[in-house]
file my_file-v8.cif (mmCIF, N, CA and C atoms)
data_data
#
loop_
_atom_site.label_atom_id
_atom_site.label_comp_id
_atom_site.auth_asym_id
_atom_site.auth_seq_id
_atom_site.Cartn_x
_atom_site.Cartn_y
_atom_site.Cartn_z
N MET A 1 22.84 -7.10 5.05
CA MET A 1 21.51 -7.17 5.60
C MET A 1 20.57 -7.97 4.70
N GLN A 2 20.72 -7.82 3.40
CA GLN A 2 19.80 -8.50 2.49
C GLN A 2 20.10 -9.97 2.35
N GLU A 3 21.26 -10.39 2.76
CA GLU A 3 21.63 -11.79 2.59
C GLU A 3 21.59 -12.60 3.87
N ASN A 4 21.49 -11.94 5.02
CA ASN A 4 21.60 -12.66 6.27
C ASN A 4 20.51 -12.20 7.24
N ALA A 5 19.61 -13.10 7.58
CA ALA A 5 18.48 -12.76 8.45
C ALA A 5 18.93 -12.26 9.82
N ASP A 6 20.01 -12.82 10.36
CA ASP A 6 20.50 -12.38 11.67
C ASP A 6 21.00 -10.94 11.61
N VAL A 7 21.71 -10.61 10.56
CA VAL A 7 22.20 -9.23 10.39
C VAL A 7 21.03 -8.29 10.20
N TRP A 8 20.03 -8.71 9.41
CA TRP A 8 18.84 -7.89 9.21
C TRP A 8 18.15 -7.59 10.54
N ARG A 9 17.96 -8.61 11.36
CA ARG A 9 17.31 -8.40 12.67
C ARG A 9 18.13 -7.46 13.55
N GLU A 10 19.44 -7.64 13.55
CA GLU A 10 20.32 -6.78 14.35
C GLU A 10 20.22 -5.32 13.89
N MET A 11 20.27 -5.08 12.59
CA MET A 11 20.19 -3.72 12.06
C MET A 11 18.80 -3.12 12.27
N THR A 12 17.77 -3.95 12.18
CA THR A 12 16.40 -3.48 12.44
C THR A 12 16.29 -2.94 13.85
N LYS A 13 16.86 -3.65 14.80
CA LYS A 13 16.84 -3.20 16.20
C LYS A 13 17.73 -1.99 16.41
N ARG A 14 18.94 -2.05 15.87
CA ARG A 14 19.91 -0.97 16.08
C ARG A 14 19.39 0.36 15.54
N TYR A 15 18.80 0.34 14.36
CA TYR A 15 18.35 1.57 13.71
C TYR A 15 16.84 1.78 13.79
N ASP A 16 16.17 0.94 14.56
CA ASP A 16 14.73 1.05 14.77
C ASP A 16 13.98 1.13 13.44
N ILE A 17 14.28 0.21 12.55
CA ILE A 17 13.63 0.16 11.24
C ILE A 17 12.20 -0.36 11.43
N GLY A 18 11.24 0.43 11.01
CA GLY A 18 9.85 0.06 11.20
C GLY A 18 9.10 -0.23 9.92
N TYR A 19 9.69 0.15 8.80
CA TYR A 19 9.02 -0.12 7.53
C TYR A 19 10.06 -0.38 6.45
N VAL A 20 9.61 -1.06 5.40
CA VAL A 20 10.46 -1.36 4.25
C VAL A 20 9.67 -1.04 2.99
N ILE A 21 10.29 -0.31 2.10
CA ILE A 21 9.76 -0.09 0.76
C ILE A 21 10.79 -0.71 -0.17
N PHE A 22 10.38 -1.69 -0.97
CA PHE A 22 11.36 -2.44 -1.74
C PHE A 22 10.83 -2.76 -3.13
N GLY A 23 11.66 -2.56 -4.12
CA GLY A 23 11.30 -2.88 -5.50
C GLY A 23 11.38 -4.37 -5.75
N ILE A 24 10.26 -4.97 -6.11
CA ILE A 24 10.25 -6.42 -6.30
C ILE A 24 10.82 -6.84 -7.64
N THR A 25 11.15 -5.87 -8.48
CA THR A 25 11.76 -6.20 -9.76
C THR A 25 13.28 -6.39 -9.62
N ASP A 26 13.81 -6.19 -8.43
CA ASP A 26 15.24 -6.41 -8.17
C ASP A 26 15.56 -7.89 -8.37
N GLN A 27 16.33 -8.20 -9.38
CA GLN A 27 16.64 -9.59 -9.72
C GLN A 27 17.98 -10.07 -9.16
N THR A 28 18.64 -9.24 -8.36
CA THR A 28 19.90 -9.68 -7.78
C THR A 28 19.64 -10.80 -6.78
N PRO A 29 20.60 -11.69 -6.61
CA PRO A 29 20.40 -12.78 -5.64
C PRO A 29 20.11 -12.26 -4.23
N TRP A 30 20.79 -11.20 -3.81
CA TRP A 30 20.57 -10.66 -2.47
C TRP A 30 19.20 -9.97 -2.38
N GLY A 31 18.76 -9.34 -3.46
CA GLY A 31 17.44 -8.73 -3.45
C GLY A 31 16.33 -9.77 -3.37
N GLN A 32 16.47 -10.83 -4.14
CA GLN A 32 15.48 -11.91 -4.10
C GLN A 32 15.48 -12.60 -2.73
N ASN A 33 16.65 -12.77 -2.15
CA ASN A 33 16.76 -13.36 -0.81
C ASN A 33 16.05 -12.47 0.21
N PHE A 34 16.26 -11.16 0.11
CA PHE A 34 15.63 -10.24 1.05
C PHE A 34 14.12 -10.28 0.92
N LEU A 35 13.62 -10.31 -0.31
CA LEU A 35 12.17 -10.39 -0.51
C LEU A 35 11.58 -11.62 0.16
N GLN A 36 12.22 -12.76 -0.04
CA GLN A 36 11.75 -13.99 0.60
C GLN A 36 11.80 -13.87 2.12
N MET A 37 12.87 -13.25 2.61
CA MET A 37 13.06 -13.10 4.05
C MET A 37 11.96 -12.23 4.66
N ILE A 38 11.69 -11.08 4.06
CA ILE A 38 10.72 -10.15 4.64
C ILE A 38 9.30 -10.68 4.51
N VAL A 39 8.99 -11.34 3.41
CA VAL A 39 7.64 -11.88 3.20
C VAL A 39 7.33 -13.01 4.16
N SER A 40 8.34 -13.81 4.50
CA SER A 40 8.10 -14.97 5.37
C SER A 40 8.32 -14.67 6.86
N ASP A 41 8.76 -13.46 7.19
CA ASP A 41 9.03 -13.12 8.58
C ASP A 41 7.74 -12.72 9.29
N PRO A 42 7.34 -13.44 10.34
CA PRO A 42 6.09 -13.13 11.03
C PRO A 42 6.11 -11.79 11.78
N GLU A 43 7.29 -11.19 11.93
CA GLU A 43 7.37 -9.88 12.59
C GLU A 43 6.99 -8.74 11.66
N TRP A 44 6.80 -9.05 10.37
CA TRP A 44 6.50 -8.04 9.37
C TRP A 44 5.18 -8.34 8.68
N SER A 45 4.47 -7.29 8.27
CA SER A 45 3.22 -7.44 7.54
C SER A 45 3.33 -6.69 6.22
N ILE A 46 2.96 -7.34 5.14
CA ILE A 46 2.94 -6.71 3.83
C ILE A 46 1.62 -5.95 3.72
N VAL A 47 1.70 -4.62 3.58
CA VAL A 47 0.49 -3.81 3.52
C VAL A 47 0.23 -3.27 2.12
N TYR A 48 1.21 -3.41 1.24
CA TYR A 48 1.02 -2.99 -0.15
C TYR A 48 1.90 -3.84 -1.03
N LEU A 49 1.35 -4.24 -2.16
CA LEU A 49 2.10 -5.04 -3.12
C LEU A 49 1.53 -4.79 -4.51
N ASP A 50 2.40 -4.46 -5.45
CA ASP A 50 1.99 -4.40 -6.85
C ASP A 50 3.10 -5.00 -7.69
N SER A 51 3.04 -4.84 -8.98
CA SER A 51 4.03 -5.50 -9.85
C SER A 51 5.39 -4.83 -9.82
N TYR A 52 5.55 -3.76 -9.05
CA TYR A 52 6.82 -3.06 -8.96
C TYR A 52 7.44 -3.08 -7.58
N GLY A 53 6.63 -3.10 -6.54
CA GLY A 53 7.21 -3.01 -5.21
C GLY A 53 6.26 -3.44 -4.11
N LEU A 54 6.80 -3.40 -2.91
CA LEU A 54 6.01 -3.73 -1.73
C LEU A 54 6.35 -2.78 -0.60
N VAL A 55 5.40 -2.68 0.32
CA VAL A 55 5.61 -1.95 1.57
C VAL A 55 5.32 -2.93 2.69
N ALA A 56 6.27 -3.07 3.60
CA ALA A 56 6.11 -3.95 4.76
C ALA A 56 6.25 -3.10 6.02
N LEU A 57 5.41 -3.38 7.00
CA LEU A 57 5.45 -2.68 8.29
C LEU A 57 5.77 -3.68 9.39
N ARG A 58 6.56 -3.23 10.34
CA ARG A 58 6.87 -4.08 11.49
C ARG A 58 5.65 -4.13 12.40
N ARG A 59 5.23 -5.33 12.75
CA ARG A 59 3.99 -5.53 13.51
C ARG A 59 4.01 -4.92 14.91
N ASP A 60 5.18 -4.78 15.52
CA ASP A 60 5.21 -4.30 16.90
C ASP A 60 5.25 -2.77 17.02
N VAL A 61 5.13 -2.06 15.92
CA VAL A 61 5.08 -0.59 15.96
C VAL A 61 3.63 -0.20 16.18
N VAL A 62 3.34 0.37 17.33
CA VAL A 62 1.96 0.66 17.73
C VAL A 62 1.25 1.56 16.73
N SER A 63 1.94 2.55 16.20
CA SER A 63 1.29 3.48 15.28
C SER A 63 0.91 2.84 13.95
N TYR A 64 1.41 1.65 13.65
CA TYR A 64 1.06 0.95 12.41
C TYR A 64 -0.10 -0.02 12.59
N LYS A 65 -0.60 -0.18 13.81
CA LYS A 65 -1.61 -1.20 14.09
C LYS A 65 -2.84 -1.08 13.19
N GLY A 66 -3.38 0.11 13.06
CA GLY A 66 -4.57 0.31 12.23
C GLY A 66 -4.32 0.01 10.76
N ILE A 67 -3.17 0.42 10.27
CA ILE A 67 -2.82 0.16 8.87
C ILE A 67 -2.70 -1.34 8.63
N ILE A 68 -2.04 -2.02 9.57
CA ILE A 68 -1.86 -3.48 9.42
C ILE A 68 -3.20 -4.19 9.49
N GLU A 69 -4.07 -3.76 10.40
CA GLU A 69 -5.39 -4.39 10.50
C GLU A 69 -6.19 -4.21 9.21
N ARG A 70 -6.06 -3.06 8.59
CA ARG A 70 -6.85 -2.78 7.39
C ARG A 70 -6.24 -3.36 6.12
N TYR A 71 -4.91 -3.30 5.99
CA TYR A 71 -4.26 -3.65 4.74
C TYR A 71 -3.26 -4.81 4.84
N GLY A 72 -3.06 -5.32 6.04
CA GLY A 72 -1.99 -6.28 6.29
C GLY A 72 -2.06 -7.57 5.49
N ASP A 73 -0.87 -8.08 5.22
CA ASP A 73 -0.66 -9.37 4.58
C ASP A 73 -1.36 -9.46 3.22
N ARG A 74 -1.06 -8.51 2.39
CA ARG A 74 -1.63 -8.41 1.03
C ARG A 74 -0.83 -9.20 0.01
N LEU A 75 -0.78 -10.49 0.16
CA LEU A 75 -0.05 -11.31 -0.81
C LEU A 75 -0.98 -12.08 -1.70
#

call {"tool": "encode", "arguments": {"input": "my_file-v8.cif", "output": "structure tokens"}}
result
Amino acid sequence: MQENADVWREMTKRYDIGYVIFGITDQTPWGQNFLQMIVSDPEWSIVYLDSYGLVALRRDVVSYKGIIERYGDRL
């Protein structure tokens, strides 16, 4: 999932993944690839970011709308 955007999208749909909490200090190639993938994906909004991690919410989840409007795309 962390290395292939198509697999990530498939698993997101299959398991109804609506949020991601991820440590940005992960220096593995697959971790860095995943970070780039989630940050650049227009279907996701970064609502929290610090020097240790990020929280991303899927934009099409209705219950996240207010959070995304208030805190979205915090890069």

call {"tool": "residues_around", "arguments": {"input": "my_file-v8.cif", "residues": "Trp44 (chain A)", "least_positions_apart": "3", "cutoff": "8 Å", "atoms": "only N, CA and C atoms", "output": "list of chain:residue names"}}
result
A:Ile38, A:Val39, A:Ser40, A:Asp41, A:Val47, A:Ala56, A:Leu57, A:Arg58, A:Arg59, A:Asp60, A:Gly72, A:Asp73

call {"tool": "select_by_dssp", "arguments": {"input": "my_file-v8.cif", "residues": "region 20-49 of chain A", "states": "helix (DSSP H, G or I)", "output": "PyMOL selection string"}}
result
chain A and resi 29-40

call {"tool": "resolve_selection", "arguments": {"input": "my_file-v8.cif", "expression": "the PyMOL selection byres (((chain A and resi 50 and name CA) around 12) and name CA)", "output": "list in words"}}
result
Ile21, Phe22, Gly23, Ile24, Thr25, Ile46, Val47, Tyr48, Leu49, Ser51, Tyr52, Gly53, Leu54, Val55, Arg74 and Leu75 of chain A

call {"tool": "write_last_selection", "arguments": {"input": "my_file-v8.cif", "atoms": "N, CA and C atoms", "output": "PDB file, in the coordinates of the input"}}
result
ATOM      1  N   ILE A  21      10.290  -0.310   2.100  1.00  0.00           N
ATOM      2  CA  ILE A  21       9.760  -0.090   0.760  1.00  0.00           C
ATOM      3  C   ILE A  21      10.790  -0.710  -0.170  1.00  0.00           C
ATOM      4  N   PHE A  22      10.380  -1.690  -0.970  1.00  0.00           N
ATOM      5  CA  PHE A  22      11.360  -2.440  -1.740  1.00  0.00           C
ATOM      6  C   PHE A  22      10.830  -2.760  -3.130  1.00  0.00           C
ATOM      7  N   GLY A  23      11.660  -2.560  -4.120  1.00  0.00           N
ATOM      8  CA  GLY A  23      11.300  -2.880  -5.500  1.00  0.00           C
ATOM      9  C   GLY A  23      11.380  -4.370  -5.750  1.00  0.00           C
ATOM     10  N   ILE A  24      10.260  -4.970  -6.110  1.00  0.00           N
ATOM     11  CA  ILE A  24      10.250  -6.420  -6.300  1.00  0.00           C
ATOM     12  C   ILE A  24      10.820  -6.840  -7.640  1.00  0.00           C
ATOM     13  N   THR A  25      11.150  -5.870  -8.480  1.00  0.00           N
ATOM     14  CA  THR A  25      11.760  -6.200  -9.760  1.00  0.00           C
ATOM     15  C   THR A  25      13.280  -6.390  -9.620  1.00  0.00           C
ATOM     16  N   ILE A  46       2.960  -7.340   5.140  1.00  0.00           N
ATOM     17  CA  ILE A  46       2.940  -6.710   3.830  1.00  0.00           C
ATOM     18  C   ILE A  46       1.620  -5.950   3.720  1.00  0.00           C
ATOM     19  N   VAL A  47       1.700  -4.620   3.580  1.00  0.00           N
ATOM     20  CA  VAL A  47       0.490  -3.810   3.520  1.00  0.00           C
ATOM     21  C   VAL A  47       0.230  -3.270   2.120  1.00  0.00           C
ATOM     22  N   TYR A  48       1.210  -3.410   1.240  1.00  0.00           N
ATOM     23  CA  TYR A  48       1.020  -2.990  -0.150  1.00  0.00           C
ATOM     24  C   TYR A  48       1.900  -3.840  -1.030  1.00  0.00           C
ATOM     25  N   LEU A  49       1.350  -4.240  -2.160  1.00  0.00           N
ATOM     26  CA  LEU A  49       2.100  -5.040  -3.120  1.00  0.00           C
ATOM     27  C   LEU A  49       1.530  -4.790  -4.510  1.00  0.00           C
ATOM     28  N   SER A  51       3.040  -4.840  -8.980  1.00  0.00           N
ATOM     29  CA  SER A  51       4.030  -5.500  -9.850  1.00  0.00           C
ATOM     30  C   SER A  51       5.390  -4.830  -9.820  1.00  0.00           C
ATOM     31  N   TYR A  52       5.550  -3.760  -9.050  1.00  0.00           N
ATOM     32  CA  TYR A  52       6.820  -3.060  -8.960  1.00  0.00           C
ATOM     33  C   TYR A  52       7.440  -3.080  -7.580  1.00  0.00           C
ATOM     34  N   GLY A  53       6.630  -3.100  -6.540  1.00  0.00           N
ATOM     35  CA  GLY A  53       7.210  -3.010  -5.210  1.00  0.00           C
ATOM     36  C   GLY A  53       6.260  -3.440  -4.110  1.00  0.00           C
ATOM     37  N   LEU A  54       6.800  -3.400  -2.910  1.00  0.00           N
ATOM     38  CA  LEU A  54       6.010  -3.730  -1.730  1.00  0.00           C
ATOM     39  C   LEU A  54       6.350  -2.780  -0.600  1.00  0.00           C
ATOM     40  N   VAL A  55       5.400  -2.680   0.320  1.00  0.00           N
ATOM     41  CA  VAL A  55       5.610  -1.950   1.570  1.00  0.00           C
ATOM     42  C   VAL A  55       5.320  -2.930   2.690  1.00  0.00           C
ATOM     43  N   ARG A  74      -1.060  -8.510   2.390  1.00  0.00           N
ATOM     44  CA  ARG A  74      -1.630  -8.410   1.030  1.00  0.00           C
ATOM     45  C   ARG A  74      -0.830  -9.200   0.010  1.00  0.00           C
ATOM     46  N   LEU A  75      -0.780 -10.490   0.160  1.00  0.00           N
ATOM     47  CA  LEU A  75      -0.050 -11.310  -0.810  1.00  0.00           C
ATOM     48  C   LEU A  75      -0.980 -12.080  -1.700  1.00  0.00           C
TER      49      LEU A  75
END

call {"tool": "axis_aligned_box", "arguments": {"input": "my_file-v8.cif", "around": "region 14-18 of chain A", "padding_each_side": "3 Å", "output": "JSON"}}
result
{"center_x": 14.5, "center_y": -0.1, "center_z": 13.0, "size_x": 16.8, "size_y": 9.8, "size_z": 12.2}

call {"tool": "closest_residue", "arguments": {"input": "my_file-v8.cif", "among": "A:Ser63, A:Ser45, A:Gln27, A:Gln36", "to": "Asn4 (chain A)", "atoms": "only C-alpha atoms"}}
result
A:Gln36

call {"tool": "atom_distance", "arguments": {"input": "my_file-v8.cif", "atom1": "CA of Leu35 (chain A)", "atom2": "CA of Gly18 (chain A)"}}
result
15.9 Å

call {"tool": "atom_distance", "arguments": {"input": "my_file-v8.cif", "atom1": "atom N of Ile17 (chain A)", "atom2": "atom N of Gly31 (chain A)"}}
result
19.2 Å

call {"tool": "atom_distance", "arguments": {"input": "my_file-v8.cif", "atom1": "atom C of Val20 (chain A)", "atom2": "CA of Phe34 (chain A)"}}
result
11.1 Å

call {"tool": "closest_residue", "arguments": {"input": "my_file-v8.cif", "among": "A:Met1, A:Tyr64, A:Glu69, A:Val7", "to": "Trp30 (chain A)", "atoms": "only C-alpha atoms"}}
result
A:Met1

call {"tool": "build_atoms", "arguments": {"input": "my_file-v8.cif", "residues": "region 4-15 of chain A", "atoms": "all heavy atoms", "output": "PDB file, keeping the file's coordinate frame"}}
result
ATOM      1  N   ASN A   4      21.490 -11.940   5.020  1.00  0.00           N
ATOM      2  CA  ASN A   4      21.600 -12.660   6.270  1.00  0.00           C
ATOM      3  C   ASN A   4      20.510 -12.200   7.240  1.00  0.00           C
ATOM      4  O   ASN A   4      20.501 -11.046   7.667  1.00  0.00           O
ATOM      5  CB  ASN A   4      22.995 -12.407   6.867  1.00  0.00           C
ATOM      6  CG  ASN A   4      23.258 -13.197   8.113  1.00  0.00           C
ATOM      7  OD1 ASN A   4      22.472 -13.193   9.039  1.00  0.00           O
ATOM      8  ND2 ASN A   4      24.399 -13.861   8.141  1.00  0.00           N
ATOM      9  N   ALA A   5      19.610 -13.100   7.580  1.00  0.00           N
ATOM     10  CA  ALA A   5      18.480 -12.760   8.450  1.00  0.00           C
ATOM     11  C   ALA A   5      18.930 -12.260   9.820  1.00  0.00           C
ATOM     12  O   ALA A   5      18.311 -11.357  10.389  1.00  0.00           O
ATOM     13  CB  ALA A   5      17.549 -13.960   8.606  1.00  0.00           C
ATOM     14  N   ASP A   6      20.010 -12.820  10.360  1.00  0.00           N
ATOM     15  CA  ASP A   6      20.500 -12.380  11.670  1.00  0.00           C
ATOM     16  C   ASP A   6      21.000 -10.940  11.610  1.00  0.00           C
ATOM     17  O   ASP A   6      20.741 -10.150  12.518  1.00  0.00           O
ATOM     18  CB  ASP A   6      21.596 -13.310  12.165  1.00  0.00           C
ATOM     19  CG  ASP A   6      21.077 -14.699  12.491  1.00  0.00           C
ATOM     20  OD1 ASP A   6      19.879 -14.830  12.853  1.00  0.00           O
ATOM     21  OD2 ASP A   6      21.860 -15.661  12.375  1.00  0.00           O
ATOM     22  N   VAL A   7      21.710 -10.610  10.560  1.00  0.00           N
ATOM     23  CA  VAL A   7      22.200  -9.230  10.390  1.00  0.00           C
ATOM     24  C   VAL A   7      21.030  -8.290  10.200  1.00  0.00           C
ATOM     25  O   VAL A   7      20.985  -7.197  10.769  1.00  0.00           O
ATOM     26  CB  VAL A   7      23.196  -9.135   9.215  1.00  0.00           C
ATOM     27  CG1 VAL A   7      23.584  -7.691   8.949  1.00  0.00           C
ATOM     28  CG2 VAL A   7      24.440  -9.980   9.490  1.00  0.00           C
ATOM     29  N   TRP A   8      20.030  -8.710   9.410  1.00  0.00           N
ATOM     30  CA  TRP A   8      18.840  -7.890   9.210  1.00  0.00           C
ATOM     31  C   TRP A   8      18.150  -7.590  10.540  1.00  0.00           C
ATOM     32  O   TRP A   8      17.804  -6.459  10.823  1.00  0.00           O
ATOM     33  CB  TRP A   8      17.889  -8.592   8.243  1.00  0.00           C
ATOM     34  CG  TRP A   8      16.510  -7.997   8.205  1.00  0.00           C
ATOM     35  CD1 TRP A   8      15.355  -8.610   8.577  1.00  0.00           C
ATOM     36  CD2 TRP A   8      16.145  -6.675   7.798  1.00  0.00           C
ATOM     37  NE1 TRP A   8      14.293  -7.750   8.423  1.00  0.00           N
ATOM     38  CE2 TRP A   8      14.753  -6.552   7.946  1.00  0.00           C
ATOM     39  CE3 TRP A   8      16.859  -5.584   7.332  1.00  0.00           C
ATOM     40  CZ2 TRP A   8      14.066  -5.387   7.632  1.00  0.00           C
ATOM     41  CZ3 TRP A   8      16.163  -4.422   7.022  1.00  0.00           C
ATOM     42  CH2 TRP A   8      14.794  -4.333   7.172  1.00  0.00           C
ATOM     43  N   ARG A   9      17.960  -8.610  11.360  1.00  0.00           N
ATOM     44  CA  ARG A   9      17.310  -8.400  12.670  1.00  0.00           C
ATOM     45  C   ARG A   9      18.130  -7.460  13.550  1.00  0.00           C
ATOM     46  O   ARG A   9      17.581  -6.587  14.231  1.00  0.00           O
ATOM     47  CB  ARG A   9      17.102  -9.737  13.377  1.00  0.00           C
ATOM     48  CG  ARG A   9      15.923 -10.501  12.836  1.00  0.00           C
ATOM     49  CD  ARG A   9      15.621 -11.750  13.667  1.00  0.00           C
ATOM     50  NE  ARG A   9      14.973 -12.725  12.838  1.00  0.00           N
ATOM     51  CZ  ARG A   9      15.593 -13.694  12.179  1.00  0.00           C
ATOM     52  NH1 ARG A   9      16.891 -13.852  12.278  1.00  0.00           N
ATOM     53  NH2 ARG A   9      14.918 -14.529  11.423  1.00  0.00           N
ATOM     54  N   GLU A  10      19.440  -7.640  13.550  1.00  0.00           N
ATOM     55  CA  GLU A  10      20.320  -6.780  14.350  1.00  0.00           C
ATOM     56  C   GLU A  10      20.220  -5.320  13.890  1.00  0.00           C
ATOM     57  O   GLU A  10      20.080  -4.410  14.712  1.00  0.00           O
ATOM     58  CB  GLU A  10      21.765  -7.259  14.233  1.00  0.00           C
ATOM     59  CG  GLU A  10      22.742  -6.400  15.006  1.00  0.00           C
ATOM     60  CD  GLU A  10      24.189  -6.819  14.778  1.00  0.00           C
ATOM     61  OE1 GLU A  10      24.451  -8.007  14.497  1.00  0.00           O
ATOM     62  OE2 GLU A  10      25.056  -5.939  14.880  1.00  0.00           O
ATOM     63  N   MET A  11      20.270  -5.080  12.590  1.00  0.00           N
ATOM     64  CA  MET A  11      20.190  -3.720  12.060  1.00  0.00           C
ATOM     65  C   MET A  11      18.800  -3.120  12.270  1.00  0.00           C
ATOM     66  O   MET A  11      18.675  -1.920  12.536  1.00  0.00           O
ATOM     67  CB  MET A  11      20.548  -3.693  10.575  1.00  0.00           C
ATOM     68  CG  MET A  11      21.984  -4.049  10.266  1.00  0.00           C
ATOM     69  SD  MET A  11      23.171  -2.909  11.014  1.00  0.00           S
ATOM     70  CE  MET A  11      23.977  -3.998  12.166  1.00  0.00           C
ATOM     71  N   THR A  12      17.770  -3.950  12.180  1.00  0.00           N
ATOM     72  CA  THR A  12      16.400  -3.480  12.440  1.00  0.00           C
ATOM     73  C   THR A  12      16.290  -2.940  13.850  1.00  0.00           C
ATOM     74  O   THR A  12      15.709  -1.874  14.078  1.00  0.00           O
ATOM     75  CB  THR A  12      15.393  -4.627  12.227  1.00  0.00           C
ATOM     76  OG1 THR A  12      15.463  -5.046  10.867  1.00  0.00           O
ATOM     77  CG2 THR A  12      13.981  -4.193  12.537  1.00  0.00           C
ATOM     78  N   LYS A  13      16.860  -3.650  14.800  1.00  0.00           N
ATOM     79  CA  LYS A  13      16.840  -3.200  16.200  1.00  0.00           C
ATOM     80  C   LYS A  13      17.730  -1.990  16.410  1.00  0.00           C
ATOM     81  O   LYS A  13      17.346  -1.020  17.052  1.00  0.00           O
ATOM     82  CB  LYS A  13      17.242  -4.337  17.124  1.00  0.00           C
ATOM     83  CG  LYS A  13      16.195  -5.420  17.206  1.00  0.00           C
ATOM     84  CD  LYS A  13      16.641  -6.571  18.064  1.00  0.00           C
ATOM     85  CE  LYS A  13      15.611  -7.684  17.988  1.00  0.00           C
ATOM     86  NZ  LYS A  13      16.046  -8.896  18.625  1.00  0.00           N
ATOM     87  N   ARG A  14      18.940  -2.050  15.870  1.00  0.00           N
ATOM     88  CA  ARG A  14      19.910  -0.970  16.080  1.00  0.00           C
ATOM     89  C   ARG A  14      19.390   0.360  15.540  1.00  0.00           C
ATOM     90  O   ARG A  14      19.526   1.403  16.180  1.00  0.00           O
ATOM     91  CB  ARG A  14      21.240  -1.300  15.422  1.00  0.00           C
ATOM     92  CG  ARG A  14      22.277  -0.187  15.614  1.00  0.00           C
ATOM     93  CD  ARG A  14      23.577  -0.471  14.934  1.00  0.00           C
ATOM     94  NE  ARG A  14      24.187  -1.669  15.474  1.00  0.00           N
ATOM     95  CZ  ARG A  14      25.281  -2.220  14.973  1.00  0.00           C
ATOM     96  NH1 ARG A  14      25.884  -1.680  13.922  1.00  0.00           N
ATOM     97  NH2 ARG A  14      25.786  -3.311  15.502  1.00  0.00           N
ATOM     98  N   TYR A  15      18.800   0.340  14.360  1.00  0.00           N
ATOM     99  CA  TYR A  15      18.350   1.570  13.710  1.00  0.00           C
ATOM    100  C   TYR A  15      16.840   1.780  13.790  1.00  0.00           C
ATOM    101  O   TYR A  15      16.314   2.691  13.152  1.00  0.00           O
ATOM    102  CB  TYR A  15      18.829   1.592  12.258  1.00  0.00           C
ATOM    103  CG  TYR A  15      20.326   1.626  12.178  1.00  0.00           C
ATOM    104  CD1 TYR A  15      21.044   0.502  11.777  1.00  0.00           C
ATOM    105  CD2 TYR A  15      21.042   2.764  12.541  1.00  0.00           C
ATOM    106  CE1 TYR A  15      22.428   0.518  11.711  1.00  0.00           C
ATOM    107  CE2 TYR A  15      22.427   2.788  12.489  1.00  0.00           C
ATOM    108  CZ  TYR A  15      23.110   1.665  12.071  1.00  0.00           C
ATOM    109  OH  TYR A  15      24.485   1.684  12.019  1.00  0.00           O
TER     110      TYR A  15
END
